[in-house]
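*Asks:* My structure is in target-v6.cif, and what it holds is mmCIF, C-alpha atoms and all ligand atoms:
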```
data_protein
loop_
_atom_site.label_atom_id
_atom_site.label_comp_id
_atom_site.auth_asym_id
_atom_site.auth_seq_id
_atom_site.Cartn_x
_atom_site.Cartn_y
_atom_site.Cartn_z
CA MET A 1 0.00 0.00 0.00
CA MET A 2 1.15 3.51 -0.86
CA ARG A 3 1.82 6.01 1.93
CA THR A 4 -0.62 8.75 1.17
CA THR A 5 -2.13 12.00 2.21
CA GLU A 6 -5.00 11.48 -0.19
CA LYS A 7 -8.56 11.46 1.13
CA ILE A 8 -10.83 10.19 -1.57
CA LEU A 9 -14.62 10.38 -1.88
CA VAL A 10 -16.31 8.07 -4.39
CA ILE A 11 -19.84 9.27 -5.18
CA GLY A 12 -22.14 6.61 -6.63
CA SER A 13 -19.85 3.98 -5.17
CA SER A 14 -22.29 1.06 -5.10
CA GLY A 15 -22.79 0.88 -8.88
CA GLN A 16 -21.10 -1.42 -11.37
CA LEU A 17 -17.89 0.58 -11.59
CA GLY A 18 -17.89 2.03 -8.06
CA THR A 19 -18.06 -1.35 -6.34
CA GLU A 20 -14.80 -2.47 -7.91
CA LEU A 21 -13.14 0.92 -7.96
CA VAL A 22 -13.59 1.39 -4.20
CA GLN A 23 -11.97 -1.99 -3.50
CA ASN A 24 -9.03 -1.14 -5.74
CA LEU A 25 -8.61 2.40 -4.42
CA ARG A 26 -8.61 1.00 -0.88
CA ASN A 27 -5.84 -1.44 -1.82
CA VAL A 28 -3.79 1.50 -3.08
CA TYR A 29 -4.63 4.24 -0.54
CA GLY A 30 -5.88 2.35 2.53
CA ILE A 31 -9.44 1.58 3.66
CA GLU A 32 -9.80 4.65 5.88
CA ASN A 33 -8.69 7.03 3.11
CA VAL A 34 -11.43 6.04 0.67
CA ILE A 35 -14.96 7.10 1.61
CA ALA A 36 -17.66 5.26 -0.33
CA SER A 37 -20.97 7.05 -0.81
CA ASP A 38 -24.26 6.46 -2.51
CA VAL A 39 -27.76 7.86 -2.46
CA LYS A 40 -28.82 5.11 -0.08
CA ILE A 41 -27.03 2.84 2.35
CA THR A 42 -25.81 -0.42 0.80
CA GLU A 43 -23.89 -3.57 1.77
CA GLN A 44 -20.73 -1.66 0.88
CA SER A 45 -21.10 0.25 4.16
CA LYS A 46 -19.87 -2.91 5.94
CA GLU A 47 -16.51 -2.78 4.16
CA GLY A 48 -15.27 0.66 5.24
CA PRO A 49 -16.22 4.32 5.63
CA PHE A 50 -19.54 5.06 3.93
CA GLU A 51 -21.75 8.15 3.67
CA VAL A 52 -25.22 8.63 2.24
CA ILE A 53 -24.92 11.47 -0.29
CA ASP A 54 -27.30 12.95 -2.81
CA VAL A 55 -24.90 14.73 -5.18
CA LEU A 56 -27.68 17.17 -6.06
CA ASN A 57 -27.62 18.42 -2.45
CA ALA A 58 -24.63 20.78 -2.66
CA THR A 59 -24.81 21.74 1.04
CA GLY A 60 -24.87 18.14 2.23
CA LEU A 61 -22.01 17.29 -0.13
CA LEU A 62 -19.90 20.19 1.15
CA GLU A 63 -20.47 19.15 4.77
CA ILE A 64 -19.23 15.60 4.10
CA VAL A 65 -16.26 16.78 2.02
CA LYS A 66 -15.18 19.12 4.83
CA ARG A 67 -15.79 16.61 7.61
CA HIS A 68 -13.59 13.98 5.96
CA LYS A 69 -11.05 16.54 4.64
CA ILE A 70 -11.55 15.12 1.14
CA ASN A 71 -9.10 16.23 -1.54
CA GLN A 72 -10.11 13.94 -4.43
CA VAL A 73 -13.60 13.11 -5.72
CA TYR A 74 -14.55 10.33 -8.12
CA LEU A 75 -18.05 11.24 -9.31
CA LEU A 76 -19.74 8.10 -10.64
CA ALA A 77 -23.39 8.86 -9.82
CA ALA A 78 -25.36 9.04 -13.08
CA LEU A 79 -28.26 7.52 -14.99
CA LEU A 80 -27.01 5.34 -17.86
CA SER A 81 -28.25 5.30 -21.43
CA ALA A 82 -31.39 3.14 -21.29
CA THR A 83 -32.68 4.52 -17.97
CA ALA A 84 -32.01 8.10 -19.04
CA GLU A 85 -34.30 7.62 -22.05
CA LYS A 86 -37.11 6.81 -19.61
CA MET A 87 -36.42 9.82 -17.34
CA PRO A 88 -34.85 12.46 -19.59
CA LYS A 89 -35.25 15.50 -17.32
CA PHE A 90 -34.10 13.73 -14.19
CA ALA A 91 -31.13 12.24 -16.08
CA TRP A 92 -30.13 15.69 -17.28
CA ASP A 93 -30.50 17.12 -13.76
CA LEU A 94 -28.49 14.35 -12.08
CA ASN A 95 -25.79 13.93 -14.73
CA MET A 96 -25.27 17.67 -15.18
CA ASN A 97 -25.92 19.39 -11.86
CA GLY A 98 -24.17 16.59 -9.98
CA LEU A 99 -21.07 17.33 -12.05
CA LEU A 100 -21.35 21.09 -11.61
CA ASN A 101 -21.66 20.69 -7.83
CA VAL A 102 -18.41 18.72 -7.75
CA LEU A 103 -16.60 21.02 -10.23
CA ASP A 104 -17.53 23.96 -8.01
CA LEU A 105 -15.86 22.31 -5.00
CA ALA A 106 -12.61 22.33 -6.98
CA LYS A 107 -13.19 25.85 -8.30
CA GLU A 108 -13.50 27.00 -4.66
CA LYS A 109 -10.25 25.08 -3.89
CA ILE A 110 -12.03 22.85 -1.36
CA ILE A 111 -10.90 19.76 -3.28
CA GLU A 112 -7.86 19.32 -5.57
CA LYS A 113 -8.70 16.67 -8.13
CA ILE A 114 -11.77 15.20 -9.81
CA TYR A 115 -12.43 12.04 -11.79
CA TRP A 116 -15.56 12.04 -13.92
CA PRO A 117 -16.49 9.29 -16.40
CA SER A 118 -17.65 10.07 -19.90
CA SER A 119 -18.72 7.48 -22.45
CA ILE A 120 -18.75 6.32 -26.07
CA ALA A 121 -22.31 7.71 -25.90
CA VAL A 122 -20.90 11.19 -26.62
CA PHE A 123 -20.68 10.05 -30.25
CA GLY A 124 -23.72 9.89 -32.50
CA PRO A 125 -25.06 8.62 -35.79
CA ASN A 126 -22.91 11.05 -37.83
CA THR A 127 -19.64 10.02 -36.17
CA PRO A 128 -17.31 7.71 -38.15
CA LYS A 129 -18.06 4.28 -36.69
CA GLU A 130 -14.78 2.43 -37.17
CA ASN A 131 -11.74 3.48 -35.16
CA THR A 132 -13.58 6.58 -34.01
CA PRO A 133 -10.96 9.29 -33.43
CA GLN A 134 -10.62 11.50 -30.37
CA PHE A 135 -11.65 14.63 -32.27
CA THR A 136 -14.54 14.08 -34.65
CA VAL A 137 -18.20 14.83 -35.31
CA MET A 138 -20.14 14.46 -32.06
CA GLU A 139 -23.89 14.68 -32.30
CA PRO A 140 -25.20 12.37 -29.58
CA SER A 141 -28.82 11.34 -30.00
CA THR A 142 -29.49 9.97 -26.49
CA VAL A 143 -30.17 11.97 -23.32
CA TYR A 144 -27.26 10.18 -21.68
CA GLY A 145 -24.94 11.07 -24.57
CA ILE A 146 -26.10 14.70 -24.58
CA SER A 147 -25.39 14.94 -20.84
CA LYS A 148 -21.94 13.35 -21.20
CA GLN A 149 -21.06 15.58 -24.15
CA ALA A 150 -22.13 18.71 -22.24
CA GLY A 151 -20.29 17.43 -19.17
CA GLU A 152 -17.07 17.11 -21.18
CA ARG A 153 -17.42 20.71 -22.29
CA TRP A 154 -17.92 21.82 -18.66
CA CYS A 155 -14.86 19.86 -17.51
CA GLU A 156 -12.66 21.49 -20.14
CA TYR A 157 -14.16 24.90 -19.34
CA TYR A 158 -13.46 24.57 -15.61
CA PHE A 159 -9.90 23.48 -16.38
CA ASN A 160 -9.26 26.42 -18.73
CA LYS A 161 -11.08 29.04 -16.72
CA TYR A 162 -10.52 28.01 -13.10
CA ASN A 163 -7.55 25.65 -13.35
CA VAL A 164 -9.62 22.73 -12.04
CA ASP A 165 -7.69 19.44 -12.23
CA VAL A 166 -10.43 17.25 -13.71
CA ARG A 167 -9.67 14.03 -15.58
CA SER A 168 -12.01 11.89 -17.61
CA LEU A 169 -12.29 8.79 -19.79
CA ARG A 170 -14.84 7.87 -22.42
CA TYR A 171 -15.58 4.34 -21.24
CA PRO A 172 -16.79 1.72 -23.65
CA GLY A 173 -19.20 -0.91 -22.27
CA LEU A 174 -17.77 -2.31 -19.03
CA ILE A 175 -17.83 -6.01 -18.24
CA GLY A 176 -17.12 -7.44 -14.81
CA TRP A 177 -18.14 -10.35 -12.60
CA LYS A 178 -18.07 -8.68 -9.17
CA SER A 179 -20.91 -6.23 -9.64
CA ALA A 180 -24.12 -5.91 -11.63
CA PRO A 181 -24.62 -3.22 -14.25
CA GLY A 182 -27.83 -1.21 -14.40
CA GLY A 183 -29.61 0.72 -17.12
CA GLY A 184 -27.00 0.53 -19.88
CA THR A 185 -27.17 -0.58 -23.51
CA THR A 186 -23.97 -2.58 -23.20
CA ASP A 187 -25.23 -4.47 -20.13
CA TYR A 188 -26.17 -7.49 -22.24
CA ALA A 189 -22.48 -8.39 -22.31
CA VAL A 190 -22.62 -8.98 -18.55
CA HIS A 191 -26.09 -10.58 -18.34
CA ILE A 192 -25.15 -13.08 -21.05
CA PHE A 193 -22.56 -14.71 -18.76
CA HIS A 194 -24.95 -15.07 -15.81
CA GLU A 195 -27.68 -16.57 -18.00
CA ALA A 196 -25.28 -18.86 -19.85
CA LEU A 197 -24.12 -20.34 -16.57
CA LYS A 198 -27.59 -20.47 -15.00
CA SER A 199 -29.81 -21.69 -17.82
CA GLY A 200 -27.58 -22.24 -20.85
CA THR A 201 -29.64 -19.76 -22.89
CA TYR A 202 -29.81 -16.00 -23.30
CA GLU A 203 -32.32 -13.78 -25.08
CA CYS A 204 -30.36 -10.75 -26.29
CA PHE A 205 -31.98 -7.33 -26.58
CA LEU A 206 -29.52 -6.28 -29.31
CA SER A 207 -29.27 -7.80 -32.79
CA GLU A 208 -26.62 -10.42 -33.55
CA ASN A 209 -24.35 -8.04 -35.44
CA ALA A 210 -24.55 -5.04 -33.08
CA THR A 211 -20.80 -4.55 -32.62
CA LEU A 212 -19.86 -2.21 -29.77
CA PRO A 213 -16.61 -1.20 -28.05
CA MET A 214 -16.16 -2.96 -24.70
CA MET A 215 -13.63 -3.32 -21.89
CA TYR A 216 -12.99 -5.80 -19.11
CA MET A 217 -13.27 -4.25 -15.66
CA PRO A 218 -9.63 -4.79 -14.55
CA ASP A 219 -8.55 -2.72 -17.56
CA ALA A 220 -11.13 -0.02 -16.78
CA ILE A 221 -9.90 0.20 -13.19
CA LYS A 222 -6.29 0.32 -14.35
CA ALA A 223 -7.11 3.16 -16.77
CA THR A 224 -9.06 5.09 -14.13
CA ILE A 225 -6.42 4.93 -11.42
CA GLY A 226 -3.74 5.39 -14.11
CA ILE A 227 -5.11 8.67 -15.43
CA MET A 228 -5.64 9.96 -11.87
CA GLN A 229 -2.08 9.15 -10.86
CA ALA A 230 -0.46 10.56 -14.03
CA ASP A 231 1.43 13.84 -13.72
CA ALA A 232 -0.90 16.75 -14.43
CA ASP A 233 1.18 17.99 -17.38
CA LYS A 234 0.66 14.62 -19.15
CA ILE A 235 -3.10 15.13 -19.19
CA LYS A 236 -3.36 17.24 -22.31
CA ILE A 237 -7.04 16.56 -22.97
CA ARG A 238 -9.29 17.99 -20.29
CA SER A 239 -12.61 17.10 -21.88
CA SER A 240 -12.31 13.29 -21.92
CA TYR A 241 -10.00 10.68 -23.45
CA ASN A 242 -11.06 8.00 -25.91
CA LEU A 243 -10.34 4.64 -24.31
CA ALA A 244 -10.23 1.33 -26.16
CA GLY A 245 -10.34 -2.31 -25.13
CA PHE A 246 -11.84 -4.58 -27.78
CA SER A 247 -15.01 -4.78 -29.84
CA PHE A 248 -17.47 -7.59 -30.47
CA SER A 249 -21.05 -8.34 -31.48
CA PRO A 250 -23.53 -10.50 -29.54
CA LYS A 251 -22.91 -13.27 -32.08
CA GLU A 252 -19.15 -13.12 -31.47
CA ILE A 253 -19.35 -13.18 -27.68
CA ALA A 254 -21.87 -16.03 -27.87
CA ALA A 255 -19.39 -18.02 -30.00
CA GLU A 256 -16.67 -17.38 -27.43
CA ILE A 257 -18.92 -18.50 -24.55
CA THR A 258 -19.77 -21.66 -26.49
CA LYS A 259 -16.10 -22.68 -26.23
CA HIS A 260 -16.67 -23.01 -22.46
CA ILE A 261 -20.35 -23.98 -22.43
CA PRO A 262 -20.85 -26.04 -25.61
CA ASN A 263 -24.66 -26.20 -25.42
CA PHE A 264 -25.12 -22.46 -24.91
CA LYS A 265 -27.85 -20.97 -27.13
CA ILE A 266 -28.46 -17.29 -27.81
CA THR A 267 -31.69 -15.90 -29.25
CA TYR A 268 -32.42 -12.33 -30.28
CA LYS A 269 -35.31 -10.02 -29.48
CA GLU A 270 -34.35 -6.42 -30.13
CA ASP A 271 -35.84 -3.65 -28.06
CA SER A 272 -35.36 0.12 -27.99
CA ARG A 273 -31.74 -0.31 -26.88
CA GLN A 274 -30.88 -1.47 -30.41
CA GLN A 275 -31.51 2.08 -31.63
CA ILE A 276 -29.09 3.40 -29.01
CA ALA A 277 -26.46 0.84 -30.04
CA ASP A 278 -26.94 1.81 -33.71
CA SER A 279 -25.97 5.40 -32.89
CA TRP A 280 -22.66 4.47 -31.22
CA PRO A 281 -19.22 3.64 -32.66
CA LYS A 282 -18.14 0.06 -33.35
CA SER A 283 -14.50 0.62 -32.40
CA ILE A 284 -12.45 3.39 -30.81
CA ASP A 285 -9.04 4.87 -31.55
CA ALA A 286 -7.35 5.63 -28.23
CA ALA A 287 -4.08 6.99 -29.69
CA GLU A 288 -4.05 10.08 -27.41
CA ALA A 289 -4.48 8.05 -24.21
CA VAL A 290 -1.64 5.80 -25.36
CA SER A 291 0.77 8.63 -26.18
CA ASP A 292 -0.16 11.11 -23.40
CA TRP A 293 -0.25 8.88 -20.33
CA GLY A 294 0.65 5.41 -21.51
CA TRP A 295 -2.68 3.55 -21.83
CA LYS A 296 -2.38 -0.17 -22.61
CA PRO A 297 -5.20 -2.72 -22.23
CA GLU A 298 -4.44 -6.31 -21.22
CA PHE A 299 -7.61 -8.23 -22.03
CA ASP A 300 -9.14 -9.22 -25.36
CA LEU A 301 -12.44 -11.03 -25.93
CA THR A 302 -10.95 -14.49 -25.43
CA ALA A 303 -9.07 -13.65 -22.22
CA MET A 304 -12.03 -11.72 -20.79
CA THR A 305 -14.49 -14.55 -21.51
CA SER A 306 -12.27 -17.18 -19.84
CA ASP A 307 -11.72 -14.99 -16.80
CA MET A 308 -15.42 -14.11 -16.43
CA ILE A 309 -16.48 -17.75 -16.60
CA LYS A 310 -13.74 -18.92 -14.25
CA ASN A 311 -14.72 -16.32 -11.64
CA LEU A 312 -18.48 -16.76 -11.96
CA ARG A 313 -18.07 -20.53 -11.64
CA ALA A 314 -15.87 -20.25 -8.54
CA PRO A 315 -17.72 -21.05 -5.30
CA LYS A 316 -18.92 -17.86 -3.54
CA LYS A 317 -16.93 -17.03 -0.44
N1 LIG A 401 -22.29 1.31 -20.79
C1 LIG A 401 -22.97 2.56 -20.98
C2 LIG A 401 -24.37 2.37 -21.39
O1 LIG A 401 -24.63 1.41 -22.07
C3 LIG A 401 -22.25 3.39 -21.99
O2 LIG A 401 -21.48 4.32 -21.36
O3 LIG A 401 -25.19 3.16 -21.08
#
```
Go ahead and express the file in the form of structure tokens.
*Replies:*
Amino acid sequence: MMRTTEKILVIGSSGQLGTELVQNLRNVYGIENVIASDVKITEQSKEGPFEVIDVLNATGLLEIVKRHKINQVYLLAALLSATAEKMPKFAWDLNMNGLLNVLDLAKEKIIEKIYWPSSIAVFGPNTPKENTPQFTVMEPSTVYGISKQAGERWCEYYFNKYNVDVRSLRYPGLIGWKSAPGGGTTDYAVHIFHEALKSGTYECFLSENATLPMMYMPDAIKATIGIMQADADKIKIRSSYNLAGFSFSPKEIAAEITKHIPNFKITYKEDSRQQIADSWPKSIDAAEAVSDWGWKPEFDLTAMTSDMIKNLRAPKK
């Protein structure tokens, strides 16, 4: 464990990413130096310091930040793509004003550093779909994408105008075995493993050829902690960095799962999430993340699939 003076607050810590990020941050910085927080109390509160925080309540947030002498915030609280389509105004309010509340803490010099996730959802139907570059047409057509795109602009603005040290990654779909996703279009790539192991079948809500960029959770955690630990002068992009793992379609991941579970059968029944998937890139060019702060993923589809199945099959402790 690193000796540290960091005091970290993770907001939205009980979600898919937060659950794993908190565990990893605690390994690096120590349990007591990482405060988990979510809008309601969860099982995570048994593992270390935990606060109930509504990020829209700026006064409550400030009180907790001061009480714990927080100097870094990871803001993960947000509605994801599919849920945001059902609650557009609330998604905008949470995703945007939550971010502004945290950016203001850094503007006022109460905290020093912010991590905020963006997404491949910032791209839209007019963006080049293959090897999508860092700088390109961005006309997101989902509420989630609009909020992430606007959020990126705010991050860059606060950096330029107020010297706020905010860092961000455009995550692809995240796949992990420790925690459940919720409300995303890429979530099928997690559910498929659970169903394959439980029933040997999976009904996919995307079409068989809906290729999307994805990443295995250990790589996402490595990228997140990596960008936060990089020297500030290496972080040349203050909106958000393209980040790439690997890409696959439902048909391709099903074929990979079949290598481990030979009788596995996938069927397809598209719903409204297919339209969201159609608007997103198929693969991402992460050249800037590679050259600026040394991004390098470890897992591909084959390695991720083996690791997911091995871990989901292992007896629960
Ligand atoms: N995984 C997210 C979603 O599907 C994309 O950022 O909403």
*Asks:* Point out the residue among A:Lys296, A:Arg273, A:Lys310, A:Lys251 with the least atom-to-atom distance to ligand LIG 401 (chain A), counting all atoms listed in the file.
*Replies:*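 For ligand LIG 401 (chain A), the nearest of the candidates is A:Arg273.
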*Asks:* With distances taken over all atoms listed in the file, which residue among A:Asp219, A:Asp271, A:Glu51, A:Glu6 lies nearest Leu21 (chain A)?
*Replies:*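 Among the listed residues, the smallest separation from Leu21 (chain A) belongs to A:Asp219.
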*Asks:* Go through A:Ser249, A:Ser13, A:Thr142, A:Thr267 and flag the residue nearest Asn209 (chain A), using all atoms listed in the file for the distances.
*Replies:* A:Ser249
*Asks:* Around (-19.0, 18.0, -17.4) in the file's frame, which residues reach within 9 Å when counting only C-alpha atoms? Return as a list in words?
*Replies:*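 Checked against the point, the hits come out as Asn95, Met96, Asn97, Leu99, Leu100, Leu103, Trp116, Ser118, Ser147, Lys148, Gln149, Ala150, Gly151, Glu152, Arg153, Trp154, Cys155, Glu156, Tyr157, Tyr158 and Ser239 of chain A.
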*Asks:* Using only C-alpha atoms and all ligand atoms, what table do you get, as JSON lines, when you list each residue of chain A with an atom no more than 10 Å from ligand LIG 401 (chain A), its nearest pair of atoms, and their distance in Å rounded to one decimal, rows by chain then rising number?
*Replies:*
```
{"residue": "A:Gln16", "atom": "CA", "partner": "A:LIG401", "partner_atom": "N1", "distance": 9.9}
{"residue": "A:Ala78", "atom": "CA", "partner": "A:LIG401", "partner_atom": "O3", "distance": 9.9}
{"residue": "A:Leu79", "atom": "CA", "partner": "A:LIG401", "partner_atom": "O3", "distance": 8.1}
{"residue": "A:Leu80", "atom": "CA", "partner": "A:LIG401", "partner_atom": "O3", "distance": 4.3}
{"residue": "A:Ser81", "atom": "CA", "partner": "A:LIG401", "partner_atom": "O3", "distance": 3.8}
{"residue": "A:Ala82", "atom": "CA", "partner": "A:LIG401", "partner_atom": "O3", "distance": 6.2}
{"residue": "A:Thr83", "atom": "CA", "partner": "A:LIG401", "partner_atom": "O3", "distance": 8.2}
{"residue": "A:Ala84", "atom": "CA", "partner": "A:LIG401", "partner_atom": "O3", "distance": 8.7}
{"residue": "A:Pro117", "atom": "CA", "partner": "A:LIG401", "partner_atom": "O2", "distance": 8.6}
{"residue": "A:Ser118", "atom": "CA", "partner": "A:LIG401", "partner_atom": "O2", "distance": 7.1}
{"residue": "A:Ser119", "atom": "CA", "partner": "A:LIG401", "partner_atom": "O2", "distance": 4.3}
{"residue": "A:Ile120", "atom": "CA", "partner": "A:LIG401", "partner_atom": "O2", "distance": 5.8}
{"residue": "A:Ala121", "atom": "CA", "partner": "A:LIG401", "partner_atom": "O2", "distance": 5.7}
{"residue": "A:Val122", "atom": "CA", "partner": "A:LIG401", "partner_atom": "O2", "distance": 8.7}
{"residue": "A:Thr142", "atom": "CA", "partner": "A:LIG401", "partner_atom": "O3", "distance": 9.7}
{"residue": "A:Tyr144", "atom": "CA", "partner": "A:LIG401", "partner_atom": "O3", "distance": 7.3}
{"residue": "A:Gly145", "atom": "CA", "partner": "A:LIG401", "partner_atom": "O2", "distance": 8.2}
{"residue": "A:Lys148", "atom": "CA", "partner": "A:LIG401", "partner_atom": "O2", "distance": 9.0}
{"residue": "A:Arg170", "atom": "CA", "partner": "A:LIG401", "partner_atom": "O2", "distance": 7.6}
{"residue": "A:Tyr171", "atom": "CA", "partner": "A:LIG401", "partner_atom": "O2", "distance": 5.9}
{"residue": "A:Pro172", "atom": "CA", "partner": "A:LIG401", "partner_atom": "O2", "distance": 5.8}
{"residue": "A:Gly173", "atom": "CA", "partner": "A:LIG401", "partner_atom": "N1", "distance": 4.1}
{"residue": "A:Leu174", "atom": "CA", "partner": "A:LIG401", "partner_atom": "N1", "distance": 6.1}
{"residue": "A:Ile175", "atom": "CA", "partner": "A:LIG401", "partner_atom": "N1", "distance": 8.9}
{"residue": "A:Pro181", "atom": "CA", "partner": "A:LIG401", "partner_atom": "N1", "distance": 8.3}
{"residue": "A:Gly182", "atom": "CA", "partner": "A:LIG401", "partner_atom": "O3", "distance": 8.4}
{"residue": "A:Gly183", "atom": "CA", "partner": "A:LIG401", "partner_atom": "O3", "distance": 6.4}
{"residue": "A:Gly184", "atom": "CA", "partner": "A:LIG401", "partner_atom": "O1", "distance": 3.3}
{"residue": "A:Thr185", "atom": "CA", "partner": "A:LIG401", "partner_atom": "O1", "distance": 3.5}
{"residue": "A:Thr186", "atom": "CA", "partner": "A:LIG401", "partner_atom": "O1", "distance": 4.2}
{"residue": "A:Asp187", "atom": "CA", "partner": "A:LIG401", "partner_atom": "O1", "distance": 6.2}
{"residue": "A:Tyr188", "atom": "CA", "partner": "A:LIG401", "partner_atom": "O1", "distance": 9.0}
{"residue": "A:Ala189", "atom": "CA", "partner": "A:LIG401", "partner_atom": "N1", "distance": 9.8}
{"residue": "A:Leu212", "atom": "CA", "partner": "A:LIG401", "partner_atom": "O1", "distance": 9.8}
{"residue": "A:Pro213", "atom": "CA", "partner": "A:LIG401", "partner_atom": "C3", "distance": 9.5}
{"residue": "A:Met214", "atom": "CA", "partner": "A:LIG401", "partner_atom": "N1", "distance": 8.4}
{"residue": "A:Met215", "atom": "CA", "partner": "A:LIG401", "partner_atom": "N1", "distance": 9.9}
{"residue": "A:Arg273", "atom": "CA", "partner": "A:LIG401", "partner_atom": "O1", "distance": 8.8}
{"residue": "A:Ile276", "atom": "CA", "partner": "A:LIG401", "partner_atom": "O1", "distance": 8.5}
{"residue": "A:Ala277", "atom": "CA", "partner": "A:LIG401", "partner_atom": "O1", "distance": 8.2}
{"residue": "A:Trp280", "atom": "CA", "partner": "A:LIG401", "partner_atom": "C3", "distance": 9.3}
```
*Asks:* Out of A:Asn101, A:Thr211, A:Asn27, A:Asn242, which residue has the shortest atom-to-atom distance to Ile11 (chain A) when counting only C-alpha atoms?
*Replies:*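 Of A:Asn101, A:Thr211, A:Asn27, A:Asn242, the one nearest Ile11 (chain A), counting only C-alpha atoms, is A:Asn101.
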*Asks:* To one decimal place in Å, what is the distance between CA of Thr305 (chain A) and CA of Ile257 (chain A)?
*Replies:*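 Separation between CA of Thr305 (chain A) and CA of Ile257 (chain A): 6.7 Å.
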*Asks:* Which residue gives the smallest distance to Glu139 (chain A) among A:Ser45, A:Lys316, A:Phe123, A:Lys69, with all atoms listed in the file counted?
*Replies:*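 Ranked by minimum distance to Glu139 (chain A), first place goes to A:Phe123.
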*Asks:* Quick one: everything within 9 Å of Leu62 (chain A), counting all atoms listed in the file, minus sequence neighbours fewer than 4 positions away in the same chain. Send it as a PyMOL selection string.
*Replies:* chain A and resi 57-58+66-67+105+110
*Asks:* CA of Val10 (chain A) and CA of Lys236 (chain A), how far apart in Å?
*Replies:* 23.9 Å
*Asks:* Have a look at CA of Val52 (chain A) and CA of Gly176 (chain A) and let me know their distance in Å, one decimal.
*Replies:*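 Separation between CA of Val52 (chain A) and CA of Gly176 (chain A): 24.8 Å.
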*Asks:* Name all residues at most 9 Å from Glu112 (chain A) (count only C-alpha atoms; drop same-chain ones fewer than 3 positions away) and give them as a ChimeraX atom specification.
*Replies:* /A:70-73,105-107,109,164-166
